[in-house]
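Below is my_file.txt, holding compact mmCIF, C-alpha atoms.
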```txt
# COMPACT_ATOMS: atom_id res chain seq x y z
CA MET A 840 83.02 103.19 96.91
CA ALA A 841 81.81 99.61 97.28
CA GLU A 842 82.13 97.80 100.61
CA PRO A 843 85.49 95.97 100.87
CA ILE A 844 85.49 92.25 100.07
CA ARG A 845 87.56 89.81 102.09
CA VAL A 846 89.95 87.64 100.08
CA VAL A 847 92.13 84.95 101.65
CA VAL A 848 95.23 83.48 100.01
CA THR A 849 96.77 80.40 101.64
CA GLY A 850 100.43 79.52 101.25
CA ALA A 851 100.73 83.30 101.29
CA ALA A 852 104.48 83.32 102.00
CA GLY A 853 105.20 81.13 98.97
CA GLN A 854 106.39 82.07 95.50
CA ILE A 855 103.06 81.81 93.64
CA ALA A 856 101.45 84.11 96.22
CA TYR A 857 104.35 86.54 95.85
CA SER A 858 103.50 86.88 92.14
CA LEU A 859 99.75 86.95 92.84
CA LEU A 860 99.12 89.32 95.75
CA TYR A 861 100.10 92.52 93.93
CA SER A 862 97.64 91.85 91.07
CA ILE A 863 94.78 91.20 93.51
CA ALA A 864 95.58 94.24 95.66
CA LYS A 865 95.91 96.49 92.60
CA GLY A 866 92.41 95.66 91.34
CA ASP A 867 93.24 93.41 88.38
CA VAL A 868 90.99 90.61 89.61
CA PHE A 869 87.96 91.92 91.48
CA GLY A 870 87.67 95.29 89.74
CA LYS A 871 89.23 98.73 89.72
CA ASP A 872 86.69 100.16 92.17
CA GLN A 873 86.46 97.21 94.58
CA PRO A 874 88.29 97.77 97.90
CA ILE A 875 89.92 94.65 99.34
CA ILE A 876 90.83 93.26 102.73
CA LEU A 877 93.58 90.75 102.06
CA VAL A 878 94.01 87.87 104.50
CA LEU A 879 97.30 85.99 104.27
CA LEU A 880 97.27 82.48 105.75
CA ASP A 881 100.31 80.28 106.14
CA ILE A 882 101.88 77.82 108.60
CA PRO A 883 103.53 79.13 111.82
CA PRO A 884 107.18 78.81 110.62
CA MET A 885 106.36 81.14 107.70
CA LEU A 886 105.00 84.01 109.83
CA PRO A 887 108.27 86.02 109.81
CA VAL A 888 108.34 85.81 105.99
CA LEU A 889 104.68 86.85 105.91
CA ASP A 890 105.57 89.99 107.86
CA GLY A 891 107.93 90.91 105.04
CA VAL A 892 105.17 90.36 102.46
CA VAL A 893 102.86 92.62 104.51
CA MET A 894 105.53 95.35 104.57
CA GLU A 895 105.89 95.14 100.81
CA LEU A 896 102.15 95.31 100.21
CA GLN A 897 102.02 98.41 102.45
CA ASP A 898 104.96 99.88 100.52
CA CYS A 899 103.09 99.45 97.21
CA ALA A 900 100.71 102.19 98.48
CA LEU A 901 97.71 100.67 96.71
CA PRO A 902 94.49 102.68 97.12
CA LEU A 903 92.16 99.64 96.98
CA LEU A 904 94.00 97.70 99.66
CA ARG A 905 92.22 98.58 102.90
CA GLU A 906 93.86 96.09 105.24
CA VAL A 907 96.32 93.17 105.21
CA ILE A 908 95.91 90.49 107.86
CA PRO A 909 98.70 87.90 108.23
CA THR A 910 97.73 84.81 110.25
CA ASP A 911 98.42 81.14 110.92
CA LYS A 912 94.94 80.51 112.36
CA VAL A 913 92.12 79.17 110.17
CA GLU A 914 89.44 80.85 112.30
CA VAL A 915 91.02 84.23 111.46
CA GLY A 916 91.93 83.22 107.90
CA PHE A 917 88.47 82.13 106.77
CA LYS A 918 86.26 84.51 108.77
CA ASP A 919 83.53 86.11 106.58
CA ILE A 920 85.53 85.43 103.42
CA ASP A 921 84.13 86.31 99.96
CA ALA A 922 86.87 84.58 97.93
CA ALA A 923 89.38 81.93 98.96
CA ILE A 924 92.42 81.06 96.86
CA LEU A 925 93.97 77.91 98.30
CA VAL A 926 97.53 77.88 97.02
CA GLY A 927 99.22 76.23 99.99
CA SER A 928 99.66 72.45 99.86
CA MET A 929 102.25 69.82 100.68
CA PRO A 930 104.69 69.76 97.74
CA ARG A 931 105.96 66.42 96.48
CA LYS A 932 109.38 65.74 97.91
CA GLU A 933 111.94 63.52 96.22
CA GLY A 934 111.26 59.83 96.74
CA MET A 935 107.72 60.54 97.93
CA GLU A 936 104.99 58.18 96.77
CA ARG A 937 101.91 59.83 95.24
CA LYS A 938 99.89 58.10 97.97
CA ASP A 939 101.91 59.81 100.73
CA LEU A 940 101.40 63.13 98.97
CA LEU A 941 97.65 62.51 98.85
CA LYS A 942 97.53 61.58 102.51
CA ALA A 943 99.31 64.77 103.61
CA ASN A 944 97.07 66.92 101.43
CA VAL A 945 93.83 65.25 102.53
CA ALA A 946 94.66 66.38 106.07
CA ILE A 947 95.31 69.97 104.94
CA PHE A 948 92.23 70.34 102.75
CA LYS A 949 89.95 68.58 105.23
CA THR A 950 90.96 71.20 107.83
CA GLN A 951 90.56 74.10 105.40
CA GLY A 952 87.22 72.81 104.09
CA ALA A 953 85.90 72.47 107.64
CA ALA A 954 87.11 76.01 108.44
CA LEU A 955 85.41 77.41 105.32
CA ASP A 956 82.24 75.59 106.37
CA LYS A 957 82.38 77.09 109.84
CA TYR A 958 83.65 80.64 109.26
CA ALA A 959 83.32 81.75 105.61
CA LYS A 960 80.30 83.30 103.90
CA LYS A 961 78.09 80.67 102.28
CA THR A 962 78.49 82.57 98.99
CA VAL A 963 82.30 82.20 99.09
CA LYS A 964 84.00 81.27 95.82
CA VAL A 965 86.81 78.79 96.48
CA LEU A 966 89.64 78.20 94.01
CA VAL A 967 92.03 75.33 94.77
CA VAL A 968 95.51 75.68 93.27
CA GLY A 969 97.64 73.46 95.51
CA ASN A 970 98.35 70.06 93.94
CA PRO A 971 96.91 67.52 93.40
CA ALA A 972 94.42 70.33 92.76
CA ASN A 973 91.37 68.37 91.53
CA THR A 974 91.38 65.92 94.41
CA ASN A 975 92.29 68.58 96.99
CA CYS A 976 89.31 70.57 95.75
CA LEU A 977 87.03 67.54 96.09
CA ILE A 978 88.19 66.96 99.68
CA ALA A 979 87.74 70.64 100.61
CA SER A 980 84.21 70.64 99.19
CA LYS A 981 83.24 67.39 100.92
CA SER A 982 84.53 68.89 104.18
CA ALA A 983 82.33 71.98 103.70
CA PRO A 984 78.83 70.54 103.26
CA SER A 985 77.03 73.84 103.90
CA ILE A 986 78.75 75.62 100.99
CA PRO A 987 77.25 74.85 97.55
CA LYS A 988 79.38 72.38 95.58
CA GLU A 989 79.40 74.67 92.54
CA ASN A 990 81.27 77.33 94.59
CA PHE A 991 84.38 75.11 94.48
CA SER A 992 86.67 74.97 91.46
CA CYS A 993 90.29 74.04 90.79
CA LEU A 994 92.84 75.69 88.54
CA THR A 995 93.32 74.32 85.03
CA ARG A 996 93.48 77.81 83.53
CA LEU A 997 97.28 77.65 83.50
CA ASP A 998 97.06 74.58 81.24
CA HIS A 999 94.38 76.37 79.19
CA ASN A 1000 96.61 79.44 78.77
CA ARG A 1001 99.59 77.22 77.87
CA ALA A 1002 97.52 75.51 75.17
CA SER A 1003 96.22 78.83 73.76
CA SER A 1004 99.72 80.25 73.66
CA GLN A 1005 101.19 77.21 71.88
CA VAL A 1006 98.52 77.43 69.17
CA ALA A 1007 98.96 81.22 68.86
CA MET A 1008 102.74 80.91 68.46
CA ARG A 1009 102.31 78.14 65.90
CA CYS A 1010 99.93 80.33 63.85
CA GLY A 1011 101.98 83.51 64.30
CA VAL A 1012 99.14 85.42 65.98
CA SER A 1013 98.78 87.02 69.43
CA SER A 1014 97.26 84.82 72.14
CA ASP A 1015 93.98 86.81 72.27
CA LYS A 1016 93.28 85.61 68.71
CA VAL A 1017 92.84 82.02 69.98
CA LYS A 1018 89.66 81.01 71.79
CA ASN A 1019 87.83 77.95 73.07
CA VAL A 1020 90.68 75.55 73.62
CA ILE A 1021 89.65 73.00 76.26
CA ILE A 1022 91.53 71.25 79.03
CA TRP A 1023 89.72 68.04 79.97
CA GLY A 1024 90.30 66.18 83.22
CA ASN A 1025 93.04 66.26 85.80
CA HIS A 1026 95.63 68.97 86.35
CA SER A 1027 98.36 66.38 85.84
CA SER A 1028 100.26 64.87 82.94
CA THR A 1029 97.13 62.91 81.92
CA GLN A 1030 95.16 66.10 81.18
CA TYR A 1031 93.87 66.36 77.62
CA PRO A 1032 94.40 69.71 75.84
CA ASP A 1033 91.79 69.67 73.07
CA VAL A 1034 91.63 72.11 70.14
CA HIS A 1035 88.92 70.38 68.10
CA HIS A 1036 86.49 73.18 69.06
CA ALA A 1037 89.00 76.03 69.18
CA LYS A 1038 89.01 78.96 66.77
CA VAL A 1039 91.93 81.11 65.60
CA ASN A 1040 91.37 84.60 64.24
CA VAL A 1041 93.64 84.75 61.19
CA HIS A 1042 93.60 88.14 59.38
CA GLY A 1043 90.16 88.90 60.79
CA THR A 1044 88.61 85.53 59.89
CA GLU A 1045 87.69 82.97 62.57
CA THR A 1046 89.17 79.67 61.46
CA PRO A 1047 88.95 76.24 63.17
CA ALA A 1048 92.27 75.60 64.93
CA TYR A 1049 93.00 72.44 62.91
CA ASP A 1050 92.67 74.46 59.66
CA ALA A 1051 94.72 77.37 61.02
CA VAL A 1052 97.57 75.19 62.32
CA LYS A 1053 97.55 72.84 59.30
CA ASP A 1054 99.58 70.20 61.13
CA GLU A 1055 97.51 67.38 62.57
CA THR A 1056 100.58 65.38 63.58
CA TRP A 1057 101.77 68.23 65.81
CA LEU A 1058 98.30 68.87 67.25
CA ARG A 1059 97.85 65.21 68.18
CA GLY A 1060 101.44 64.71 69.36
CA ASP A 1061 103.96 67.31 70.49
CA PHE A 1062 101.34 69.98 71.18
CA ILE A 1063 99.57 67.74 73.71
CA SER A 1064 102.74 66.53 75.43
CA THR A 1065 104.20 70.07 75.57
CA VAL A 1066 101.15 71.31 77.47
CA GLN A 1067 100.94 68.20 79.66
CA LEU A 1068 104.62 68.39 80.69
CA ARG A 1069 105.12 72.16 80.71
CA GLY A 1070 105.22 72.43 84.51
CA ALA A 1071 108.08 69.92 84.68
CA ALA A 1072 109.91 71.75 81.87
CA VAL A 1073 109.74 75.03 83.82
CA ILE A 1074 111.04 73.34 86.98
CA LYS A 1075 113.90 71.77 85.03
CA ALA A 1076 114.89 75.17 83.61
CA ARG A 1077 114.27 77.47 86.60
CA LYS A 1078 114.82 74.97 89.43
CA LEU A 1079 111.54 76.44 90.75
CA SER A 1080 107.94 75.75 89.78
CA SER A 1081 105.82 78.04 87.58
CA ALA A 1082 104.88 81.08 89.68
CA MET A 1083 104.41 84.09 87.39
CA SER A 1084 102.28 82.09 84.91
CA ALA A 1085 100.37 80.32 87.71
CA ALA A 1086 99.56 83.68 89.34
CA LYS A 1087 98.37 85.08 86.00
CA ALA A 1088 96.11 82.03 85.49
CA ILE A 1089 94.65 82.42 89.00
CA CYS A 1090 93.84 86.05 88.19
CA ASP A 1091 92.20 85.05 84.89
CA HIS A 1092 90.14 82.32 86.60
CA MET A 1093 88.89 84.52 89.46
CA ARG A 1094 88.23 87.53 87.23
CA ASP A 1095 86.11 85.36 84.94
CA ILE A 1096 84.13 84.08 87.94
CA TRP A 1097 83.57 87.65 89.11
CA PHE A 1098 82.81 89.30 85.76
CA GLY A 1099 81.85 86.42 83.46
CA THR A 1100 83.25 85.09 80.19
CA LYS A 1101 82.88 86.87 76.86
CA GLU A 1102 79.90 86.06 74.64
CA GLY A 1103 80.67 83.00 72.50
CA GLU A 1104 83.76 82.07 74.50
CA PHE A 1105 84.40 79.36 77.05
CA ILE A 1106 87.30 78.67 79.39
CA SER A 1107 88.51 75.59 81.28
CA MET A 1108 88.16 74.98 84.99
CA GLY A 1109 87.98 71.99 87.29
CA VAL A 1110 84.40 71.69 88.58
CA TYR A 1111 82.03 69.00 89.88
CA ALA A 1112 81.25 66.55 87.08
CA THR A 1113 77.65 66.15 88.29
CA GLY A 1114 75.16 66.06 85.40
CA ASN A 1115 77.79 66.40 82.65
CA SER A 1116 76.85 65.26 79.13
CA TYR A 1117 80.26 63.70 78.41
CA GLY A 1118 79.98 60.42 80.32
CA ILE A 1119 82.49 61.45 83.00
CA PRO A 1120 81.90 59.85 86.44
CA GLU A 1121 79.83 62.16 88.65
CA ASP A 1122 81.68 62.44 91.96
CA LEU A 1123 84.84 64.04 90.58
CA ILE A 1124 86.31 67.49 90.15
CA TYR A 1125 87.15 67.35 86.44
CA SER A 1126 88.18 70.12 84.06
CA PHE A 1127 85.44 71.02 81.57
CA PRO A 1128 84.72 73.88 79.19
CA VAL A 1129 82.50 76.40 81.03
CA GLU A 1130 80.77 79.71 80.40
CA ILE A 1131 80.27 82.07 83.35
CA LYS A 1132 77.52 84.60 83.95
CA ASN A 1133 76.43 86.32 87.19
CA LYS A 1134 79.20 84.50 89.09
CA THR A 1135 77.71 81.14 88.07
CA TRP A 1136 79.42 78.70 85.73
CA LYS A 1137 77.61 76.50 83.26
CA MET A 1138 79.17 73.56 81.50
CA VAL A 1139 79.31 73.79 77.72
CA ASP A 1140 77.25 70.76 76.71
CA GLY A 1141 76.92 68.73 73.57
CA LEU A 1142 80.28 69.33 71.89
CA PRO A 1143 80.92 66.43 69.48
CA ILE A 1144 83.66 64.14 70.80
CA ASN A 1145 85.64 61.93 68.40
CA ASP A 1146 87.30 58.62 69.32
CA PHE A 1147 90.73 60.22 69.75
CA SER A 1148 89.33 62.68 72.32
CA ARG A 1149 87.13 60.07 73.99
CA ALA A 1150 90.10 57.83 74.83
CA LYS A 1151 92.08 60.73 76.31
CA MET A 1152 89.10 62.05 78.31
CA ASP A 1153 88.49 58.59 79.76
CA ALA A 1154 92.16 58.05 80.66
CA THR A 1155 92.36 61.23 82.74
CA ALA A 1156 88.99 60.40 84.36
CA ALA A 1157 90.35 56.97 85.36
CA GLU A 1158 93.32 58.64 87.09
CA LEU A 1159 90.96 60.97 88.95
CA VAL A 1160 88.75 58.08 90.10
CA GLU A 1161 91.82 56.32 91.50
CA GLU A 1162 93.02 59.50 93.25
CA ARG A 1163 89.56 60.13 94.66
CA ASP A 1164 89.18 56.61 96.03
CA THR A 1165 92.60 56.73 97.72
CA ALA A 1166 91.85 60.19 99.17
CA LEU A 1167 88.41 59.18 100.45
CA ASP A 1168 89.99 56.20 102.24
CA PHE A 1169 92.28 58.63 104.07
CA LEU A 1170 89.38 61.03 104.71
CA SER A 1171 87.35 58.33 106.48
CA GLN A 1172 90.27 57.28 108.74
```

What do you get writing this file as structure tokens?
Amino acid sequence: MAEPIRVVVTGAAGQIAYSLLYSIAKGDVFGKDQPIILVLLDIPPMLPVLDGVVMELQDCALPLLREVIPTDKVEVGFKDIDAAILVGSMPRKEGMERKDLLKANVAIFKTQGAALDKYAKKTVKVLVVGNPANTNCLIASKSAPSIPKENFSCLTRLDHNRASSQVAMRCGVSSDKVKNVIIWGNHSSTQYPDVHHAKVNVHGTETPAYDAVKDETWLRGDFISTVQLRGAAVIKARKLSSAMSAAKAICDHMRDIWFGTKEGEFISMGVYATGNSYGIPEDLIYSFPVEIKNKTWKMVDGLPINDFSRAKMDATAAELVEERDTALDFLSQ
């Protein structure tokens, strides 16, 4: 058996973590023969709830799960970590300005970044899920200067999966028959779900998505807004935010980092924009199409971008620049 890896999940008493921890502990993410030490980090008031989560994980009797460590201390939470999934963040409360939300989250992700810097392995892969995910990821990375910038990513795979599924349903095929949709930009309502480079396998033939869907009005209208606003639609219906689908997307994202993407396929994740070929400002965490090999992502370069896409890519970049500048003001205070 391989040596156990140490995986930390923050916000571990919350509802996304509740949908996520079983999949990780069962081997769906890091492999069926990879033992795991699971570290559950949350704030002190949540420790009693965390004890219940620990009991349940024990009661699942999972052979790969070697140890579960609940804690409210970052020095325990991030010690010698191989993978960090940062789900915990300050949620937006009613009447809260976006600026106040940013300020609260800068404090959280500054602390967690500094703790990763001090205690985690330098090879750690860090996935930021807590919103605003792109900017939180940027702050965590800037607070962990000794960990390579490319080890930090944020979750836009949920948006990616939402887009794939919408196209699949529209074409009457299963979701695995759709590949290479792209989410550009921010994990917010300005994100741009792009299917100009996507392919749909229809009766065994790979067809460009625009030809398979045969409805440009939908693809440039309702399709985009459905994906952009899906999170709000789930909250309206369930009175709770997306948890099952978010957990599934986290698993997809981390599994692809660990095992790579399929030949000829790319996925979306928020990564440093440094050196991109799409004219996106450098010092941002922005969602791009990436291929992954040997635990290293590479941006898919040189895809042709039309004017429609260009405008949407620039709009979401502008929002990210504004978020970043506000957050960096708070960071320097």

List the spatial neighbours of Asn973 of chain A as a list in words - criterion: any atom at most 10 Å away, only C-alpha atoms, same-chain residues fewer than 4 positions off excluded. Val967, Val968, Gly969, Leu977, Ile978, Ser992, Cys993, Leu994, Thr995, Gly1024, Asn1025, His1026, Ser1027, Met1108, Gly1109, Val1110, Tyr1111, Leu1123, Ile1124, Tyr1125, Ser1126, Leu1159, Glu1162 and Arg1163 of chain A

May I have the residues within 12 Å of Tyr1031 of chain A as a ChimeraX atom specification, using only C-alpha atoms and disregarding those fewer than 3 positions away in the same chain? /A:995,998-999,1002,1020-1028,1034-1035,1058-1060,1062-1068,1107,1125-1128,1147-1156

Can you pull out the residues contacting segment 943-955 of chain A? Cut-off 10 Å, using only C-alpha atoms, and skip same-chain residues under 5 positions away; I want them as an MDAnalysis selection string. chainID A and resid 849 912:920 923 925 927:931 938 960:961 963 965 967 969:972 974:986 1165:1170

Measuring atom to atom with only C-alpha atoms, identify which of A:Val1017, A:Leu886, A:Glu1055, A:Leu997 is nearest to Gly1070 of chain A. A:Leu997

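Note that the spacing between atom CA of Arg1009 of chain A and atom CA of Lys1101 of chain A amounts to 24.0 Å.
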
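Atom pair atom CA of Pro1032 of chain A / atom CA of Ser1003 of chain A: separated by 9.5 Å.
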
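Atom CA of Arg937 of chain A lies 25.6 Å from atom CA of Met1083 of chain A.
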